[in-house]
>>> print(open('protein_36.pdb').read())   # PDB, C-alpha atoms
MODEL        1
ATOM      1  CA  MET A   1     -20.270  -5.304 -26.414
ATOM      2  CA  SER A   2     -23.020  -4.699 -23.866
ATOM      3  CA  GLN A   3     -22.070  -4.573 -20.224
ATOM      4  CA  THR A   4     -23.860  -6.274 -17.361
ATOM      5  CA  HIS A   5     -25.132  -4.181 -14.466
ATOM      6  CA  ASN A   6     -22.192  -5.250 -12.297
ATOM      7  CA  GLU A   7     -19.670  -4.374 -15.001
ATOM      8  CA  GLN A   8     -21.255  -0.955 -15.431
ATOM      9  CA  HIS A   9     -21.065  -0.353 -11.679
ATOM     10  CA  ALA A  10     -17.462  -1.528 -11.516
ATOM     11  CA  PHE A  11     -16.418   0.687 -14.387
ATOM     12  CA  SER A  12     -17.912   3.734 -12.682
ATOM     13  CA  LEU A  13     -15.458   3.321  -9.811
ATOM     14  CA  PRO A  14     -11.905   4.741  -9.845
ATOM     15  CA  ILE A  15     -10.710   1.147 -10.215
ATOM     16  CA  LYS A  16     -11.415   1.405 -13.927
ATOM     17  CA  SER A  17      -8.422   3.662 -14.461
ATOM     18  CA  VAL A  18      -5.990   1.012 -13.199
ATOM     19  CA  PRO A  19      -5.404  -2.121 -15.305
ATOM     20  CA  GLN A  20      -6.247  -5.345 -13.503
ATOM     21  CA  GLY A  21      -2.706  -6.654 -13.407
ATOM     22  CA  ARG A  22      -1.295  -3.498 -11.904
ATOM     23  CA  LEU A  23      -4.111  -3.211  -9.383
ATOM     24  CA  ALA A  24      -3.557  -6.811  -8.327
ATOM     25  CA  MET A  25       0.155  -6.153  -7.946
ATOM     26  CA  TRP A  26      -0.510  -3.126  -5.752
ATOM     27  CA  ILE A  27      -2.828  -5.206  -3.570
ATOM     28  CA  LEU A  28      -0.076  -7.811  -3.245
ATOM     29  CA  ILE A  29       2.499  -5.139  -2.428
ATOM     30  CA  THR A  30       0.364  -3.570   0.301
ATOM     31  CA  GLY A  31      -0.154  -6.998   1.855
ATOM     32  CA  GLU A  32       3.567  -7.746   1.828
ATOM     33  CA  LEU A  33       4.330  -4.337   3.314
ATOM     34  CA  MET A  34       1.951  -5.144   6.178
ATOM     35  CA  ILE A  35       3.806  -8.394   6.840
ATOM     36  CA  PHE A  36       7.265  -6.872   6.837
ATOM     37  CA  GLY A  37       6.065  -3.689   8.523
ATOM     38  CA  GLY A  38       4.705  -5.729  11.398
ATOM     39  CA  LEU A  39       7.963  -7.668  11.693
ATOM     40  CA  ILE A  40      10.000  -4.480  11.628
ATOM     41  CA  CYS A  41       7.792  -2.852  14.258
ATOM     42  CA  CYS A  42       8.190  -5.888  16.552
ATOM     43  CA  TYR A  43      11.957  -5.801  15.993
ATOM     44  CA  ILE A  44      12.080  -2.108  16.925
ATOM     45  CA  PHE A  45      10.044  -2.759  20.077
ATOM     46  CA  ASN A  46      12.435  -5.441  21.216
ATOM     47  CA  ARG A  47      15.464  -3.441  20.215
ATOM     48  CA  LEU A  48      14.318  -0.615  22.457
ATOM     49  CA  ARG A  49      13.412  -3.125  25.180
ATOM     50  CA  TYR A  50      16.745  -4.928  25.203
ATOM     51  CA  PRO A  51      19.750  -2.632  24.749
ATOM     52  CA  GLU A  52      22.043  -5.688  24.728
ATOM     53  CA  TRP A  53      20.768  -6.405  21.232
ATOM     54  CA  GLY A  54      23.238  -3.776  20.098
ATOM     55  CA  GLU A  55      26.051  -6.124  21.077
ATOM     56  CA  GLN A  56      24.449  -8.943  19.088
ATOM     57  CA  ALA A  57      23.961  -6.664  16.081
ATOM     58  CA  SER A  58      27.689  -5.920  16.108
ATOM     59  CA  HIS A  59      28.213  -9.475  14.805
ATOM     60  CA  THR A  60      26.415  -8.734  11.547
ATOM     61  CA  SER A  61      28.634  -7.855   8.627
ATOM     62  CA  THR A  62      28.185  -4.224   7.573
ATOM     63  CA  PHE A  63      30.268  -4.924   4.475
ATOM     64  CA  PHE A  64      27.960  -7.648   3.181
ATOM     65  CA  GLY A  65      24.882  -5.659   4.164
ATOM     66  CA  ALA A  66      26.161  -2.602   2.297
ATOM     67  CA  LEU A  67      27.122  -4.731  -0.698
ATOM     68  CA  ASN A  68      23.649  -6.248  -0.811
ATOM     69  CA  THR A  69      22.076  -2.793  -0.565
ATOM     70  CA  ALA A  70      24.125  -1.538  -3.519
ATOM     71  CA  VAL A  71      23.260  -4.681  -5.501
ATOM     72  CA  LEU A  72      19.528  -4.309  -4.894
ATOM     73  CA  LEU A  73      19.524  -0.587  -5.687
ATOM     74  CA  THR A  74      21.337  -1.296  -8.950
ATOM     75  CA  SER A  75      18.981  -4.132  -9.846
ATOM     76  CA  SER A  76      16.019  -1.822  -9.189
ATOM     77  CA  TYR A  77      17.562   0.602 -11.671
ATOM     78  CA  THR A  78      18.071  -2.102 -14.289
ATOM     79  CA  VAL A  79      14.520  -3.410 -13.971
ATOM     80  CA  VAL A  80      13.075   0.071 -14.442
ATOM     81  CA  LYS A  81      15.278   0.452 -17.531
ATOM     82  CA  ALA A  82      13.695  -2.764 -18.812
ATOM     83  CA  HIS A  83      10.305  -1.180 -18.239
ATOM     84  CA  GLN A  84      11.446   1.883 -20.185
ATOM     85  CA  ALA A  85      12.488  -0.365 -23.080
ATOM     86  CA  VAL A  86       8.956  -1.819 -23.197
ATOM     87  CA  ALA A  87       7.605   1.480 -24.510
ATOM     88  CA  LYS A  88       9.810   1.027 -27.597
ATOM     89  CA  ALA A  89       9.207  -2.732 -27.730
ATOM     90  CA  ASP A  90      12.977  -3.209 -27.773
ATOM     91  CA  THR A  91      12.968  -6.884 -26.802
ATOM     92  CA  ARG A  92      16.746  -7.113 -26.900
ATOM     93  CA  LYS A  93      17.146  -4.362 -24.301
ATOM     94  CA  ILE A  94      14.269  -5.702 -22.214
ATOM     95  CA  THR A  95      16.027  -9.074 -22.064
ATOM     96  CA  MET A  96      19.378  -7.482 -21.294
ATOM     97  CA  TRP A  97      18.150  -5.291 -18.434
ATOM     98  CA  LEU A  98      16.038  -8.043 -16.883
ATOM     99  CA  SER A  99      19.028 -10.372 -17.049
ATOM    100  CA  PHE A 100      21.064  -7.837 -15.074
ATOM    101  CA  SER A 101      18.306  -7.647 -12.460
ATOM    102  CA  ILE A 102      18.155 -11.428 -12.143
ATOM    103  CA  LEU A 103      21.934 -11.548 -11.791
ATOM    104  CA  GLY A 104      21.663  -8.920  -9.068
ATOM    105  CA  GLY A 105      19.232 -11.127  -7.210
ATOM    106  CA  LEU A 106      21.569 -14.079  -7.576
ATOM    107  CA  LEU A 107      24.497 -12.053  -6.239
ATOM    108  CA  PHE A 108      22.347 -10.975  -3.292
ATOM    109  CA  LEU A 109      21.540 -14.595  -2.463
ATOM    110  CA  ILE A 110      25.184 -15.635  -2.726
ATOM    111  CA  ASN A 111      26.196 -12.847  -0.327
ATOM    112  CA  LYS A 112      23.413 -13.841   2.044
ATOM    113  CA  SER A 113      24.551 -17.467   1.979
ATOM    114  CA  ILE A 114      28.093 -16.455   2.848
ATOM    115  CA  GLU A 115      26.795 -14.320   5.708
ATOM    116  CA  TYR A 116      24.577 -17.078   7.067
ATOM    117  CA  SER A 117      27.425 -19.581   6.868
ATOM    118  CA  ARG A 118      29.696 -17.296   8.841
ATOM    119  CA  GLU A 119      27.103 -16.453  11.484
ATOM    120  CA  ILE A 120      25.916 -20.026  11.956
ATOM    121  CA  GLY A 121      29.547 -21.129  12.114
ATOM    122  CA  GLU A 122      30.100 -18.665  14.965
ATOM    123  CA  GLY A 123      27.169 -20.202  16.824
ATOM    124  CA  LEU A 124      24.790 -17.300  16.317
ATOM    125  CA  THR A 125      21.475 -19.095  15.792
ATOM    126  CA  PHE A 126      17.868 -19.212  17.012
ATOM    127  CA  THR A 127      18.702 -21.408  19.964
ATOM    128  CA  SER A 128      22.349 -20.784  20.721
ATOM    129  CA  PRO A 129      22.830 -22.039  24.303
ATOM    130  CA  HIS A 130      25.528 -19.527  25.134
ATOM    131  CA  LEU A 131      23.104 -16.724  24.223
ATOM    132  CA  GLN A 132      20.323 -17.992  26.461
ATOM    133  CA  LYS A 133      22.075 -17.993  29.815
ATOM    134  CA  GLY A 134      20.146 -16.306  32.580
ATOM    135  CA  THR A 135      18.191 -13.377  31.272
ATOM    136  CA  ASP A 136      20.251 -12.943  28.124
ATOM    137  CA  VAL A 137      17.980 -12.471  25.128
ATOM    138  CA  GLY A 138      20.679 -12.642  22.499
ATOM    139  CA  SER A 139      19.176 -15.602  20.678
ATOM    140  CA  LEU A 140      15.922 -13.644  20.313
ATOM    141  CA  PHE A 141      17.826 -11.072  18.249
ATOM    142  CA  TRP A 142      19.056 -13.818  15.948
ATOM    143  CA  SER A 143      15.538 -15.210  15.683
ATOM    144  CA  PHE A 144      14.374 -11.879  14.351
ATOM    145  CA  TYR A 145      17.446 -11.585  12.148
ATOM    146  CA  TYR A 146      16.988 -14.948  10.438
ATOM    147  CA  ILE A 147      13.215 -14.611  10.103
ATOM    148  CA  MET A 148      13.359 -11.129   8.579
ATOM    149  CA  THR A 149      16.296 -11.719   6.264
ATOM    150  CA  GLY A 150      15.173 -15.259   5.441
ATOM    151  CA  LEU A 151      11.669 -14.153   4.521
ATOM    152  CA  HIS A 152      13.173 -11.348   2.473
ATOM    153  CA  GLY A 153      15.428 -13.885   0.754
ATOM    154  CA  VAL A 154      12.408 -15.985  -0.189
ATOM    155  CA  HIS A 155      10.875 -12.902  -1.763
ATOM    156  CA  VAL A 156      14.103 -12.320  -3.688
ATOM    157  CA  ILE A 157      13.881 -15.864  -5.097
ATOM    158  CA  VAL A 158      10.249 -15.362  -6.077
ATOM    159  CA  GLY A 159      11.124 -12.021  -7.696
ATOM    160  CA  MET A 160      13.881 -13.662  -9.728
ATOM    161  CA  ILE A 161      11.471 -16.333 -10.970
ATOM    162  CA  VAL A 162       8.861 -13.720 -11.857
ATOM    163  CA  MET A 163      11.408 -11.627 -13.772
ATOM    164  CA  PHE A 164      12.690 -14.728 -15.566
ATOM    165  CA  VAL A 165       9.202 -15.661 -16.740
ATOM    166  CA  ALA A 166       8.512 -12.072 -17.852
ATOM    167  CA  MET A 167      11.857 -12.010 -19.668
ATOM    168  CA  MET A 168      11.203 -15.261 -21.548
ATOM    169  CA  GLN A 169       7.849 -13.939 -22.717
ATOM    170  CA  ALA A 170       9.220 -10.509 -23.590
ATOM    171  CA  ARG A 171      11.892 -12.119 -25.760
ATOM    172  CA  LYS A 172       9.081 -13.347 -27.992
ATOM    173  CA  GLY A 173       7.334  -9.990 -27.834
ATOM    174  CA  LYS A 174       4.532 -11.352 -25.678
ATOM    175  CA  ASN A 175       2.923  -9.847 -22.565
ATOM    176  CA  LEU A 176       5.275  -6.889 -22.424
ATOM    177  CA  HIS A 177       3.131  -5.303 -19.686
ATOM    178  CA  ARG A 178       4.325  -8.031 -17.309
ATOM    179  CA  VAL A 179       7.776  -6.460 -17.290
ATOM    180  CA  GLU A 180       6.373  -3.544 -15.321
ATOM    181  CA  LEU A 181       4.527  -5.840 -12.934
ATOM    182  CA  ALA A 182       7.681  -7.862 -12.292
ATOM    183  CA  GLY A 183       9.521  -4.600 -11.759
ATOM    184  CA  MET A 184       6.992  -3.381  -9.207
ATOM    185  CA  TYR A 185       7.452  -6.563  -7.198
ATOM    186  CA  TRP A 186      11.232  -6.187  -7.378
ATOM    187  CA  HIS A 187      11.050  -2.575  -6.193
ATOM    188  CA  MET A 188       9.025  -3.755  -3.196
ATOM    189  CA  VAL A 189      11.786  -6.260  -2.374
ATOM    190  CA  ASP A 190      14.291  -3.415  -2.602
ATOM    191  CA  LEU A 191      12.188  -1.162  -0.360
ATOM    192  CA  ILE A 192      12.039  -3.808   2.343
ATOM    193  CA  TRP A 193      15.812  -4.166   2.309
ATOM    194  CA  ILE A 194      16.207  -0.364   2.489
ATOM    195  CA  PHE A 195      14.724  -0.624   5.996
ATOM    196  CA  LEU A 196      16.233  -3.948   7.024
ATOM    197  CA  PHE A 197      19.785  -2.812   6.289
ATOM    198  CA  PRO A 198      19.954   0.094   8.775
ATOM    199  CA  LEU A 199      18.024  -1.841  11.412
ATOM    200  CA  LEU A 200      20.224  -4.924  11.345
ATOM    201  CA  TYR A 201      23.578  -3.705  10.094
ATOM    202  CA  ILE A 202      24.110  -0.054  10.971
ATOM    203  CA  ALA A 203      22.189   0.609  14.202
ATOM    204  CA  LYS A 204      24.685  -1.296  16.359
TER     205      LYS A 204
ATOM    206  CA  MET B   1      -3.052 -12.129 -30.619
ATOM    207  CA  GLU B   2      -0.871 -11.176 -27.687
ATOM    208  CA  LEU B   3      -0.581  -7.565 -26.660
ATOM    209  CA  GLY B   4       2.498  -6.160 -28.322
ATOM    210  CA  GLN B   5       2.388  -8.540 -31.294
ATOM    211  CA  ASN B   6       0.474  -8.430 -34.571
ATOM    212  CA  ASN B   7      -0.276 -11.214 -37.006
ATOM    213  CA  ASP B   8       2.991 -10.660 -38.894
ATOM    214  CA  ASN B   9       4.982 -11.419 -35.693
ATOM    215  CA  VAL B  10       6.211  -7.843 -35.607
ATOM    216  CA  VAL B  11       6.480  -6.544 -32.082
ATOM    217  CA  ILE B  12       4.596  -3.296 -31.609
ATOM    218  CA  PRO B  13       5.022  -0.932 -28.640
ATOM    219  CA  ASP B  14       2.870  -1.704 -25.605
ATOM    220  CA  THR B  15       1.274   1.736 -25.445
ATOM    221  CA  GLU B  16      -1.901   0.610 -23.668
ATOM    222  CA  HIS B  17      -0.004   0.292 -20.426
ATOM    223  CA  ASP B  18       2.367   3.202 -21.076
ATOM    224  CA  TYR B  19       0.395   5.539 -18.874
ATOM    225  CA  HIS B  20       3.260   7.723 -17.789
ATOM    226  CA  GLY B  21       6.430   9.411 -18.865
ATOM    227  CA  HIS B  22       9.828   8.266 -17.738
ATOM    228  CA  PRO B  23      11.759  10.433 -15.304
ATOM    229  CA  ASN B  24      15.538  10.615 -15.430
ATOM    230  CA  TYR B  25      16.214   7.164 -13.965
ATOM    231  CA  GLU B  26      19.962   7.693 -13.902
ATOM    232  CA  LYS B  27      19.552  10.795 -11.750
ATOM    233  CA  VAL B  28      17.273   8.914  -9.344
ATOM    234  CA  TYR B  29      19.677   5.966  -9.206
ATOM    235  CA  PHE B  30      22.697   8.116  -8.355
ATOM    236  CA  SER B  31      20.609   9.986  -5.782
ATOM    237  CA  LEU B  32      19.806   6.644  -4.175
ATOM    238  CA  LEU B  33      23.470   5.658  -4.167
ATOM    239  CA  GLY B  34      24.410   9.020  -2.665
ATOM    240  CA  LEU B  35      21.859   8.640   0.132
ATOM    241  CA  PHE B  36      23.071   5.097   0.761
ATOM    242  CA  LEU B  37      26.679   6.263   1.092
ATOM    243  CA  LEU B  38      25.556   9.100   3.360
ATOM    244  CA  SER B  39      23.818   6.651   5.677
ATOM    245  CA  LEU B  40      27.000   4.556   5.805
ATOM    246  CA  VAL B  41      29.199   7.525   6.641
ATOM    247  CA  VAL B  42      26.764   8.872   9.219
ATOM    248  CA  GLY B  43      26.569   5.485  10.901
ATOM    249  CA  PHE B  44      30.243   5.590  11.752
ATOM    250  CA  THR B  45      30.927   9.259  12.374
ATOM    251  CA  VAL B  46      28.259  11.177  14.272
ATOM    252  CA  SER B  47      26.767  10.531  17.693
ATOM    253  CA  PRO B  48      24.569   7.404  17.997
ATOM    254  CA  ILE B  49      21.244   9.183  18.455
ATOM    255  CA  LEU B  50      21.866  11.626  15.611
ATOM    256  CA  ALA B  51      23.104   8.730  13.456
ATOM    257  CA  VAL B  52      19.915   6.745  14.024
ATOM    258  CA  VAL B  53      17.751   9.736  13.157
ATOM    259  CA  MET B  54      19.731  10.550  10.014
ATOM    260  CA  ILE B  55      19.923   6.938   8.869
ATOM    261  CA  PHE B  56      16.189   6.439   9.077
ATOM    262  CA  ALA B  57      15.546   9.821   7.495
ATOM    263  CA  THR B  58      17.668   8.766   4.509
ATOM    264  CA  ALA B  59      15.835   5.423   4.413
ATOM    265  CA  VAL B  60      12.491   7.226   4.205
ATOM    266  CA  TRP B  61      13.887   9.545   1.520
ATOM    267  CA  LYS B  62      15.176   6.581  -0.508
ATOM    268  CA  THR B  63      11.791   4.899  -0.152
ATOM    269  CA  ALA B  64      10.059   8.016  -1.448
ATOM    270  CA  LEU B  65      12.414   8.169  -4.453
ATOM    271  CA  VAL B  66      11.828   4.515  -5.342
ATOM    272  CA  VAL B  67       8.073   4.655  -4.823
ATOM    273  CA  ARG B  68       7.560   7.893  -6.760
ATOM    274  CA  ASN B  69       9.962   7.367  -9.636
ATOM    275  CA  PHE B  70      10.652   3.644 -10.057
ATOM    276  CA  MET B  71       7.176   2.421  -9.107
ATOM    277  CA  HIS B  72       5.598   5.438 -10.816
ATOM    278  CA  VAL B  73       3.171   6.100  -7.974
ATOM    279  CA  LYS B  74       3.188   9.795  -8.836
ATOM    280  CA  TYR B  75       1.434   8.910 -12.074
ATOM    281  CA  GLU B  76      -1.085   6.585 -10.464
ATOM    282  CA  PRO B  77      -4.693   7.578  -9.662
ATOM    283  CA  ILE B  78      -5.769   8.499  -6.146
ATOM    284  CA  LEU B  79      -6.899   4.938  -5.442
ATOM    285  CA  ILE B  80      -3.325   3.675  -5.296
ATOM    286  CA  TRP B  81      -2.238   6.554  -3.064
ATOM    287  CA  VAL B  82      -5.093   5.743  -0.674
ATOM    288  CA  GLY B  83      -4.078   2.086  -0.560
ATOM    289  CA  VAL B  84      -0.455   2.866   0.236
ATOM    290  CA  ALA B  85      -1.458   5.510   2.790
ATOM    291  CA  ALA B  86      -3.788   3.007   4.462
ATOM    292  CA  VAL B  87      -0.898   0.575   4.959
ATOM    293  CA  ILE B  88       1.283   3.284   6.470
ATOM    294  CA  PHE B  89      -1.564   4.386   8.742
ATOM    295  CA  CYS B  90      -2.138   0.802   9.940
ATOM    296  CA  LEU B  91       1.549   0.302  10.682
ATOM    297  CA  ILE B  92       1.825   3.586  12.575
ATOM    298  CA  SER B  93      -1.299   2.707  14.568
ATOM    299  CA  PHE B  94       0.103  -0.727  15.322
ATOM    300  CA  PHE B  95       3.442   0.688  16.397
ATOM    301  CA  PHE B  96       2.148   3.344  18.775
ATOM    302  CA  GLY B  97      -0.702   1.144  19.958
ATOM    303  CA  ILE B  98       1.549  -1.726  21.047
ATOM    304  CA  TYR B  99       4.573   0.333  22.087
ATOM    305  CA  PRO B 100       3.508   0.928  25.727
ATOM    306  CA  ASP B 101       2.711  -2.754  26.229
ATOM    307  CA  ILE B 102       6.228  -3.728  25.252
ATOM    308  CA  THR B 103       8.459  -0.994  26.606
ATOM    309  CA  ALA B 104       6.575   0.028  29.754
ATOM    310  CA  VAL B 105       6.409  -3.476  31.225
ATOM    311  CA  HIS B 106       9.081  -4.370  33.762
ATOM    312  CA  ARG B 107      11.638  -6.672  32.268
ATOM    313  CA  ALA B 108      11.187  -9.406  34.850
ATOM    314  CA  VAL B 109       7.483  -9.494  34.094
ATOM    315  CA  ALA B 110       8.038  -9.519  30.340
ATOM    316  CA  GLN B 111      10.317 -12.565  30.594
TER     317      GLN B 111
ENDMDL
END
>>> encode(input="protein_36.pdb", output="structure tokens")
Amino acid sequence: MSQTHNEQHAFSLPIKSVPQGRLAMWILITGELMIFGGLICCYIFNRLRYPEWGEQASHTSTFFGALNTAVLLTSSYTVVKAHQAVAKADTRKITMWLSFSILGGLLFLINKSIEYSREIGEGLTFTSPHLQKGTDVGSLFWSFYYIMTGLHGVHVIVGMIVMFVAMMQARKGKNLHRVELAGMYWHMVDLIWIFLFPLLYIAK
Amino acid sequence: MELGQNNDNVVIPDTEHDYHGHPNYEKVYFSLLGLFLLSLVVGFTVSPILAVVMIFATAVWKTALVVRNFMHVKYEPILIWVGVAAVIFCLISFFFGIYPDITAVHRAVAQ
């Protein structure tokens, strides 16, 4: 098949060595890292600015944060095992490992829901009046907390949907390369949590 | 015909996208768990400043393990490395560029 001038130029670039799907996923990942990186930087600024945030952070549950970290690390392992199974086209194992990863995401969301319920029940919200008295900036901490963890939770939901779609196709032996792409997205979700956990749950 | 499937509906390995080997994922996973437990222990035992330094050092180490081994960046061409490095550079620039504006301003003025 003859190539157009533009195709010839494109194929002379290093881009040629990376399949389109993977390249697109890396572009997505770098964009998401900019979003969360910016949020994390702003959180760190304010954390250094307002030492009383440490007292607010003491209300977060280290147990649930640690549990979620272990769940996400394990689900990252299971999704990479699914990717390993692709090389052998073992659709049964691909399905099994992706199912474990999806279950890990579901467990993460359940834990997060329990946490949110407890914190909102204690009156720790964006606009808690008792946190806004005078110069107290406690509610600003909770604004950052809910935005960062909530946005991360949305990405967990999207990752679960992506893995489910890849799993359903892999069961039929179709589009096996999408297992890796779904896995890359899930690893990004895990990486973000690797930084959120110490910031919000340990540095108290 | 879908990649990974021939006309007899027999699934064939997806070798076109198998551009790398597979490291010992179990070893990487248990390393990640070990670093995670270390960060937990450090958070409750050592002095606050040392704890913060060690916790973020382990977070960076865990990130490197995931990026290199699970995301297979070490097998990717230079283009991907440049993209990731560009993001890190932008974030570092943003952090140190904005830092004085946030922390050096008197609190009464900031509020």
>>> atom_distance(input="protein_36.pdb", atom1="atom CA of A:Ala24", atom2="atom CA of A:Leu98")
21.4 Å
>>> atom_distance(input="protein_36.pdb", atom1="atom CA of B:Leu50", atom2="atom CA of A:Lys204")
13.2 Å
>>> interface_residues(input="protein_36.pdb", of="chain A", to="chain B", cutoff="7 Å", atoms="all atoms listed in the file", output="PyMOL selection string")
chain A and resi 14+30+34+37-38+41+45+49+77+80+86-89+173-177+184+187+191+194-195+198+202-203
>>> write_last_selection(input="protein_36.pdb", atoms="C-alpha atoms", output="compact mmCIF listing (two decimals), in the frame of the given file")
# COMPACT_ATOMS: atom_id res chain seq x y z
CA PRO A 14 -11.90 4.74 -9.85
CA THR A 30 0.36 -3.57 0.30
CA MET A 34 1.95 -5.14 6.18
CA GLY A 37 6.06 -3.69 8.52
CA GLY A 38 4.70 -5.73 11.40
CA CYS A 41 7.79 -2.85 14.26
CA PHE A 45 10.04 -2.76 20.08
CA ARG A 49 13.41 -3.12 25.18
CA TYR A 77 17.56 0.60 -11.67
CA VAL A 80 13.08 0.07 -14.44
CA VAL A 86 8.96 -1.82 -23.20
CA ALA A 87 7.60 1.48 -24.51
CA LYS A 88 9.81 1.03 -27.60
CA ALA A 89 9.21 -2.73 -27.73
CA GLY A 173 7.33 -9.99 -27.83
CA LYS A 174 4.53 -11.35 -25.68
CA ASN A 175 2.92 -9.85 -22.56
CA LEU A 176 5.28 -6.89 -22.42
CA HIS A 177 3.13 -5.30 -19.69
CA MET A 184 6.99 -3.38 -9.21
CA HIS A 187 11.05 -2.58 -6.19
CA LEU A 191 12.19 -1.16 -0.36
CA ILE A 194 16.21 -0.36 2.49
CA PHE A 195 14.72 -0.62 6.00
CA PRO A 198 19.95 0.09 8.78
CA ILE A 202 24.11 -0.05 10.97
CA ALA A 203 22.19 0.61 14.20
>>> atom_distance(input="protein_36.pdb", atom1="atom CA of A:Met160", atom2="atom CA of A:Gly105")
6.4 Å
>>> closest_residue(input="protein_36.pdb", among="A:Ser61, A:Asn46, A:Thr69, A:Ser76", to="A:Ala182", atoms="only C-alpha atoms")
A:Ser76
